[in-house]
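J.: My questions all concern the structure below.
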Amino acid sequence: MLDFQRIDSTNIADVGGKGLHLGELSRIDGVRVPAGFCVTTAAFQRVLAAAPSIDARLDRLALVKPDDRQAIGALSAGIREVIEGAAIPDDLAAEIGASLARLGEGHSYAVRSSATAEDLPTASFAGQQDSYLNVVGQAEILRHVRRCWASLFTERAVTYRLRNGFDQRKVRMAVVVQRMVFPDAAGILFTADPVTSNRKVATVEAGWGLGDALVSGLVGGDVYAVRGDQVVTVSVADKRRLVRAAPGGGTEDAPVEPDRQTRPVLTDAQVVRLVRLGRRIEAHFGRPQDIEWCLAGDDFHIVQSRPITTLFPVPEAGDQEKHLYVSVGHQQMMTDAMKPLGLSLWQLTTPRTMYEAGGRLFVDVAGDLATHAGRARLIDGLGKSDPLVRDALRTVIERGDLVDSPPDEEPAAAAPAVAPPAPAEIDPAVVPELIAHNRESVAALRREIQSRSGPALLDFILADITEMKRVLFDPRSSQVIMAGMEATWWLNEHLESWLGEKNAADVLTQSVPYNVTSEMGLALLDVADAVRPHRDVVAVLRRVADEGRTGDAFLDELAGLPGGPRARDAIRAYLDEYGMRCAGEIDITRTRWSENPAALVPVILGHVRNFAPGAGKRHFEQGLQEARRKEVDLLTRLRALPDGERQAAETKRMIDRVRAFAGYREYPKYGMISRYFAYKQAVLREADRLVASGVLRAREDVFYLRFQELHEVVRTGVADAGLIAERREAFVSYVALTPPRVLTSDGEAINGTYRRDDVPDGALAGLPVSAGTVEGRARVVTDMSRAELESGDILVTAYTDPSWTPLFVTVAGLVTEVGGLMTHGAVIAREYGLPAVVGVARATVLIRDGQRIRVHGTDGFVQILD
């Protein structure tokens, strides 16, 4: 046994998360914690070791899939039955009795589970195990201790651990035994707003009686929001029921007297006093807390505190100034968490300062919003890309509490002596010239990096990043990209004004030349052509997909099959050209197709199943013919207008311009990712040397080092294993977080809304990025390598980057949660003629896999039809 006062941070393995926090709380000045003790995990292990058949049952449980509810239910019920029937050794029972005697045997107690993976900074596990209130007498307390042990294997707890990758054998259970407080009121205090994540706003929920009524959802409590020492909002609930201690032990549901049902549970002064206690507790633990409290008389008792694990971290700016951060991931169509090496390399690549939080990158735009010109430029630029970011920024500006207002009048710019020149004409021949230069630069890198190792390798990569940035930000490259974008905007604006034609450029940009990403998608259709005629080859690929194999061993299996060498060579040729790509490719640590060719097998099989030979060339030709027909139609209609000849001539010029330049937009990133893969291969070779010399434990350890840290490890031959382990654990917690589009320095997440009145009731609003309307079966896909698509399906996913392009040739439409008008998914959807709506909040949750939906790519909304 361990009394609360004897528990500190070294006892996590002995007392679990809940016990650890109660011990810590007991030592905070001014915080009242009901006295108690912990039955340690050693007692649990001792009893479990003596229980029959537990090992065999745990072996079977480890093999169960998280979605197999029937198997989980049966196995977990059997384990609970064994534990609840186990005998507690006499010496352990006596020790518990002695602890009760010190606290008072006649008192009532709360008996609460405290698992070793519970209430941790990276996983709260709140509510996964059981607690029992108002337990009286040693015999009942012993019985409830066993019930707490058994609750480690409730169906919900087992499923939670399976889904989150926790080993069932490694989780231990301690039990908290704590004197009961019989409160007048109880509730929860969040020291940061759980909805907005604002760290400066605390939220208090309060109800009559025991806190179980609120936690269980039996009643809704009063809700108070507090900023500083001021209650800023109060919502008083109609509280008709409460939970109280039952006379014979346990709890009971009871009615609330009529005169108290709509009376506030707490006064403003009490709320402020409680929040001050919460801030003291938060300061002790060093992060926002979810605190359970009781009010008896006028005294607050704290019965639990755990970290709020759902808050998105705030970037560290190193000052006390106000900052406003915009998500980089939402602009790059990569909102997944990135590992430290990936984050640092991206920071080295980009010209603007970026801040890290939660494994993501953010840009501080507070300075941009401090001037009229900066506001206009930022809101216009980001608004074209993502209307939700624009709305979030406008929300902050309209509130006026974070960003300083610019001067009422800014100095007028000096009038130009002459009219500004028209945009310079660009020779379309510059596009193949830029591509050739990019290819030559990447080829030189691949040759020269092969001979580098040790510190010289890292120095070489750092120098090549400068070359990469020179290629990426070549002024001519930027001019080409802007020329294509400006032509797109011009066509959409003018043709809607002149002809009422919405998003006309969407069809006009189908099958444009030089689009390396759309070419990549069509090239995989050619690979399918090499596979399709050969039954044995298809059979091998099906086994690879069905068995979930990884790696490239299957390519060797093809060598001895009829048609196998041709299929193998087609796959390898594809990898030579596009194998540096993968989902989330801006993170250098992500596994590339060349490293795991099996990831492409399901897509190849889908193409074999859904298409006839020659589909790649037909697909491109069909898009080209549609674009030409659209051009003829638009120009004919324009010439019929009063000023039609002039309008048609201007439009023809812009059509030629957009078709000459729009495809190139995808190429700079292709070149960048090609370089990233060369860097990664060289870094992993160096990692293998570090593992062989005992500096690192595994080659993937390099992913948890920033670039400069890796340089130092290579130079000194010394690595901090503790830092690497800490970052591994942090990355696991970041994966579960959803990054906001906009984040304030107070931690407030602002995601924006669509302020539209043209969306039908029940429809999901988004940004129209590729015109047309299509109806079909929704396929909600979170992992490209597991996509099983049929022709006519509509792809619904969180985001798409270039690696998703091979799926686009199969589907009939696209819906994503993240994206903008000029992001990769939008560009390719337009080129392939797919109606697409992006930026649909929570699309993968609100749309179920298999539902019929209708995508309105012209007007920007999605209707769920069944």
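Residues are named by chain letter and number: chains run A, B, ... in the order of the structure tokens, numbers start at 1 in each chain, and ligands are numbered from 1 in the order shown.
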Using backbone DSSP assignments, extract all alpha helix (DSSP H) residues from stretch 379-546 of chain A; output them as a ChimeraX atom specification.
T.: /A:379-385,387-399,430-449,454-472,475-499,505-508,516-531,535-546
J.: For stretch 69-78 of chain A, list every protein, DNA or RNA residue within 8 Å, evaluated using only C-alpha atoms, and leave out those in the same chain fewer than 6 positions away; present the list as a list in words.
T.: Arg57, Arg60, Leu61, Phe153, Thr154, Glu155, Val158 and Thr159 of chain A
J.: I'd like the neighbourhood of stretch 615-622 of chain A as a list in words, where a residue qualifies if any of its atoms comes within 7 Å (using only C-alpha atoms), though same-chain residues fewer than 6 positions away should be ignored.
T.: Ser511, Leu522, Ala523, Leu525 and Asp526 of chain A
J.: Generate a file of the selected residues that holds N, CA and C atoms, formatted as a PDB file, in the first residue's frame.
T.:
```pdb
ATOM      1  N   SER A 511      -6.413  17.727 -69.646  1.00  0.00           N
ATOM      2  CA  SER A 511      -5.354  17.169 -70.500  1.00  0.00           C
ATOM      3  C   SER A 511      -4.396  18.233 -71.018  1.00  0.00           C
ATOM      4  N   LEU A 522      -1.967   8.483 -65.159  1.00  0.00           N
ATOM      5  CA  LEU A 522      -2.256   7.749 -66.392  1.00  0.00           C
ATOM      6  C   LEU A 522      -1.213   6.663 -66.652  1.00  0.00           C
ATOM      7  N   ALA A 523       0.019   6.899 -66.212  1.00  0.00           N
ATOM      8  CA  ALA A 523       1.073   5.905 -66.445  1.00  0.00           C
ATOM      9  C   ALA A 523       0.802   4.605 -65.710  1.00  0.00           C
ATOM     10  N   LEU A 525      -2.046   3.254 -65.438  1.00  0.00           N
ATOM     11  CA  LEU A 525      -2.941   2.497 -66.323  1.00  0.00           C
ATOM     12  C   LEU A 525      -2.127   1.686 -67.331  1.00  0.00           C
ATOM     13  N   ASP A 526      -1.016   2.233 -67.782  1.00  0.00           N
ATOM     14  CA  ASP A 526      -0.143   1.490 -68.695  1.00  0.00           C
ATOM     15  C   ASP A 526       0.492   0.294 -67.986  1.00  0.00           C
TER      16      ASP A 526
END
```
J.: Which distance in Å separates atom CA of A:Thr773 and atom CA of A:Arg852, to one decimal?
T.: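 Result for atom CA of A:Thr773 versus atom CA of A:Arg852: 13.4 Å, one decimal.
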J.: So which bits of stretch 86-152 of chain A end up strand (DSSP E) when you DSSP the backbone, as number ranges by chain?
T.: A: 108-115, 131-136
J.: Write the residues of the preceding selection, restricted to all heavy atoms, as an mmCIF file, in the first residue's frame.
T.:
```
data_model
loop_
_atom_site.group_PDB
_atom_site.id
_atom_site.type_symbol
_atom_site.label_atom_id
_atom_site.label_comp_id
_atom_site.auth_asym_id
_atom_site.auth_seq_id
_atom_site.Cartn_x
_atom_site.Cartn_y
_atom_site.Cartn_z
ATOM 1 N N SER A 108 -17.290 5.942 4.701
ATOM 2 C CA SER A 108 -17.546 5.476 3.332
ATOM 3 C C SER A 108 -16.349 5.846 2.461
ATOM 4 O O SER A 108 -15.683 6.860 2.696
ATOM 5 C CB SER A 108 -18.803 6.132 2.767
ATOM 6 O OG SER A 108 -19.939 5.749 3.495
ATOM 7 N N TYR A 109 -16.132 5.016 1.429
ATOM 8 C CA TYR A 109 -14.959 5.218 0.581
ATOM 9 C C TYR A 109 -15.341 5.151 -0.908
ATOM 10 O O TYR A 109 -16.323 4.479 -1.279
ATOM 11 C CB TYR A 109 -13.884 4.159 0.879
ATOM 12 C CG TYR A 109 -13.229 4.360 2.219
ATOM 13 C CD1 TYR A 109 -13.792 3.825 3.374
ATOM 14 C CD2 TYR A 109 -12.065 5.108 2.329
ATOM 15 C CE1 TYR A 109 -13.199 4.029 4.614
ATOM 16 C CE2 TYR A 109 -11.462 5.313 3.566
ATOM 17 C CZ TYR A 109 -12.026 4.776 4.700
ATOM 18 O OH TYR A 109 -11.448 4.991 5.926
ATOM 19 N N ALA A 110 -14.546 5.839 -1.680
ATOM 20 C CA ALA A 110 -14.585 5.668 -3.135
ATOM 21 C C ALA A 110 -13.481 4.682 -3.497
ATOM 22 O O ALA A 110 -12.356 4.808 -3.023
ATOM 23 C CB ALA A 110 -14.358 6.994 -3.851
ATOM 24 N N VAL A 111 -13.822 3.682 -4.297
ATOM 25 C CA VAL A 111 -12.851 2.690 -4.750
ATOM 26 C C VAL A 111 -12.745 2.863 -6.264
ATOM 27 O O VAL A 111 -13.724 2.632 -6.990
ATOM 28 C CB VAL A 111 -13.286 1.262 -4.373
ATOM 29 C CG1 VAL A 111 -12.221 0.255 -4.799
ATOM 30 C CG2 VAL A 111 -13.541 1.156 -2.877
ATOM 31 N N ARG A 112 -11.557 3.274 -6.728
ATOM 32 C CA ARG A 112 -11.436 3.739 -8.112
ATOM 33 C C ARG A 112 -10.252 3.078 -8.816
ATOM 34 O O ARG A 112 -9.167 2.937 -8.249
ATOM 35 C CB ARG A 112 -11.264 5.264 -8.139
ATOM 36 C CG ARG A 112 -12.290 5.973 -7.287
ATOM 37 C CD ARG A 112 -11.985 7.449 -7.117
ATOM 38 N NE ARG A 112 -12.252 8.203 -8.322
ATOM 39 C CZ ARG A 112 -11.899 9.486 -8.472
ATOM 40 N NH1 ARG A 112 -11.222 10.097 -7.531
ATOM 41 N NH2 ARG A 112 -12.200 10.120 -9.578
ATOM 42 N N SER A 113 -10.470 2.698 -10.045
ATOM 43 C CA SER A 113 -9.413 2.090 -10.858
ATOM 44 C C SER A 113 -8.347 3.121 -11.196
ATOM 45 O O SER A 113 -8.636 4.298 -11.400
ATOM 46 C CB SER A 113 -9.993 1.549 -12.163
ATOM 47 O OG SER A 113 -11.084 0.708 -11.921
ATOM 48 N N SER A 114 -7.101 2.660 -11.294
ATOM 49 C CA SER A 114 -5.991 3.525 -11.700
ATOM 50 C C SER A 114 -5.004 2.700 -12.520
ATOM 51 O O SER A 114 -4.082 2.101 -11.983
ATOM 52 C CB SER A 114 -5.294 4.137 -10.478
ATOM 53 O OG SER A 114 -4.247 4.990 -10.881
ATOM 54 N N ALA A 115 -5.232 2.664 -13.832
ATOM 55 C CA ALA A 115 -4.382 1.862 -14.713
ATOM 56 C C ALA A 115 -3.088 2.604 -15.019
ATOM 57 O O ALA A 115 -3.025 3.832 -14.983
ATOM 58 C CB ALA A 115 -5.123 1.534 -16.009
ATOM 59 N N SER A 131 -15.148 2.945 -11.427
ATOM 60 C CA SER A 131 -15.043 3.513 -10.088
ATOM 61 C C SER A 131 -16.331 3.225 -9.339
ATOM 62 O O SER A 131 -17.412 3.159 -9.939
ATOM 63 C CB SER A 131 -14.818 5.028 -10.156
ATOM 64 O OG SER A 131 -13.559 5.329 -10.719
ATOM 65 N N TYR A 132 -16.216 3.073 -8.015
ATOM 66 C CA TYR A 132 -17.374 2.750 -7.171
ATOM 67 C C TYR A 132 -17.393 3.703 -5.986
ATOM 68 O O TYR A 132 -16.359 3.927 -5.339
ATOM 69 C CB TYR A 132 -17.291 1.297 -6.695
ATOM 70 C CG TYR A 132 -17.166 0.319 -7.847
ATOM 71 C CD1 TYR A 132 -15.918 -0.140 -8.261
ATOM 72 C CD2 TYR A 132 -18.288 -0.102 -8.550
ATOM 73 C CE1 TYR A 132 -15.789 -1.006 -9.334
ATOM 74 C CE2 TYR A 132 -18.173 -0.972 -9.625
ATOM 75 C CZ TYR A 132 -16.922 -1.417 -10.010
ATOM 76 O OH TYR A 132 -16.803 -2.270 -11.074
ATOM 77 N N LEU A 133 -18.555 4.286 -5.712
ATOM 78 C CA LEU A 133 -18.680 5.296 -4.665
ATOM 79 C C LEU A 133 -19.484 4.761 -3.484
ATOM 80 O O LEU A 133 -20.316 3.853 -3.625
ATOM 81 C CB LEU A 133 -19.369 6.546 -5.219
ATOM 82 C CG LEU A 133 -18.696 7.215 -6.421
ATOM 83 C CD1 LEU A 133 -19.485 8.442 -6.855
ATOM 84 C CD2 LEU A 133 -17.258 7.591 -6.113
ATOM 85 N N ASN A 134 -19.194 5.364 -2.305
ATOM 86 C CA ASN A 134 -19.935 5.050 -1.080
ATOM 87 C C ASN A 134 -19.866 3.561 -0.747
ATOM 88 O O ASN A 134 -20.876 2.908 -0.507
ATOM 89 C CB ASN A 134 -21.399 5.509 -1.216
ATOM 90 C CG ASN A 134 -22.106 5.561 0.123
ATOM 91 O OD1 ASN A 134 -21.467 5.722 1.164
ATOM 92 N ND2 ASN A 134 -23.420 5.409 0.112
ATOM 93 N N VAL A 135 -18.651 3.037 -0.730
ATOM 94 C CA VAL A 135 -18.421 1.634 -0.366
ATOM 95 C C VAL A 135 -18.079 1.596 1.130
ATOM 96 O O VAL A 135 -17.185 2.322 1.590
ATOM 97 C CB VAL A 135 -17.280 1.027 -1.192
ATOM 98 C CG1 VAL A 135 -17.080 -0.437 -0.831
ATOM 99 C CG2 VAL A 135 -17.566 1.186 -2.697
ATOM 100 N N VAL A 136 -18.790 0.753 1.874
ATOM 101 C CA VAL A 136 -18.655 0.733 3.337
ATOM 102 C C VAL A 136 -18.222 -0.658 3.807
ATOM 103 O O VAL A 136 -18.790 -1.669 3.384
ATOM 104 C CB VAL A 136 -19.985 1.130 4.016
ATOM 105 C CG1 VAL A 136 -19.805 1.184 5.544
ATOM 106 C CG2 VAL A 136 -20.492 2.472 3.496
#
```
J.: Name all residues at most 6 Å from stretch 653-661 of chain A (count only C-alpha atoms; drop same-chain ones fewer than 6 positions away) and give them as a list in words.
T.: Pro428, Val480, Gly484, Ala487 and Val512 of chain A
J.: Mind writing the picked residues with N, CA and C atoms as a PDB file, in the first residue's frame?
T.:
```
ATOM      1  N   PRO A 428       5.988  30.269 -74.149  1.00  0.00           N
ATOM      2  CA  PRO A 428       5.686  28.909 -73.676  1.00  0.00           C
ATOM      3  C   PRO A 428       6.884  27.969 -73.737  1.00  0.00           C
ATOM      4  N   VAL A 480       5.703  31.550 -64.586  1.00  0.00           N
ATOM      5  CA  VAL A 480       4.901  30.573 -65.327  1.00  0.00           C
ATOM      6  C   VAL A 480       3.696  30.142 -64.497  1.00  0.00           C
ATOM      7  N   GLY A 484      -0.364  30.904 -65.366  1.00  0.00           N
ATOM      8  CA  GLY A 484      -1.436  29.918 -65.458  1.00  0.00           C
ATOM      9  C   GLY A 484      -2.579  30.214 -64.506  1.00  0.00           C
ATOM     10  N   ALA A 487      -4.542  33.356 -65.638  1.00  0.00           N
ATOM     11  CA  ALA A 487      -5.384  33.045 -66.791  1.00  0.00           C
ATOM     12  C   ALA A 487      -6.630  32.280 -66.351  1.00  0.00           C
ATOM     13  N   VAL A 512      -3.957  19.118 -70.121  1.00  0.00           N
ATOM     14  CA  VAL A 512      -2.931  20.090 -70.525  1.00  0.00           C
ATOM     15  C   VAL A 512      -1.571  19.385 -70.551  1.00  0.00           C
TER      16      VAL A 512
END
```
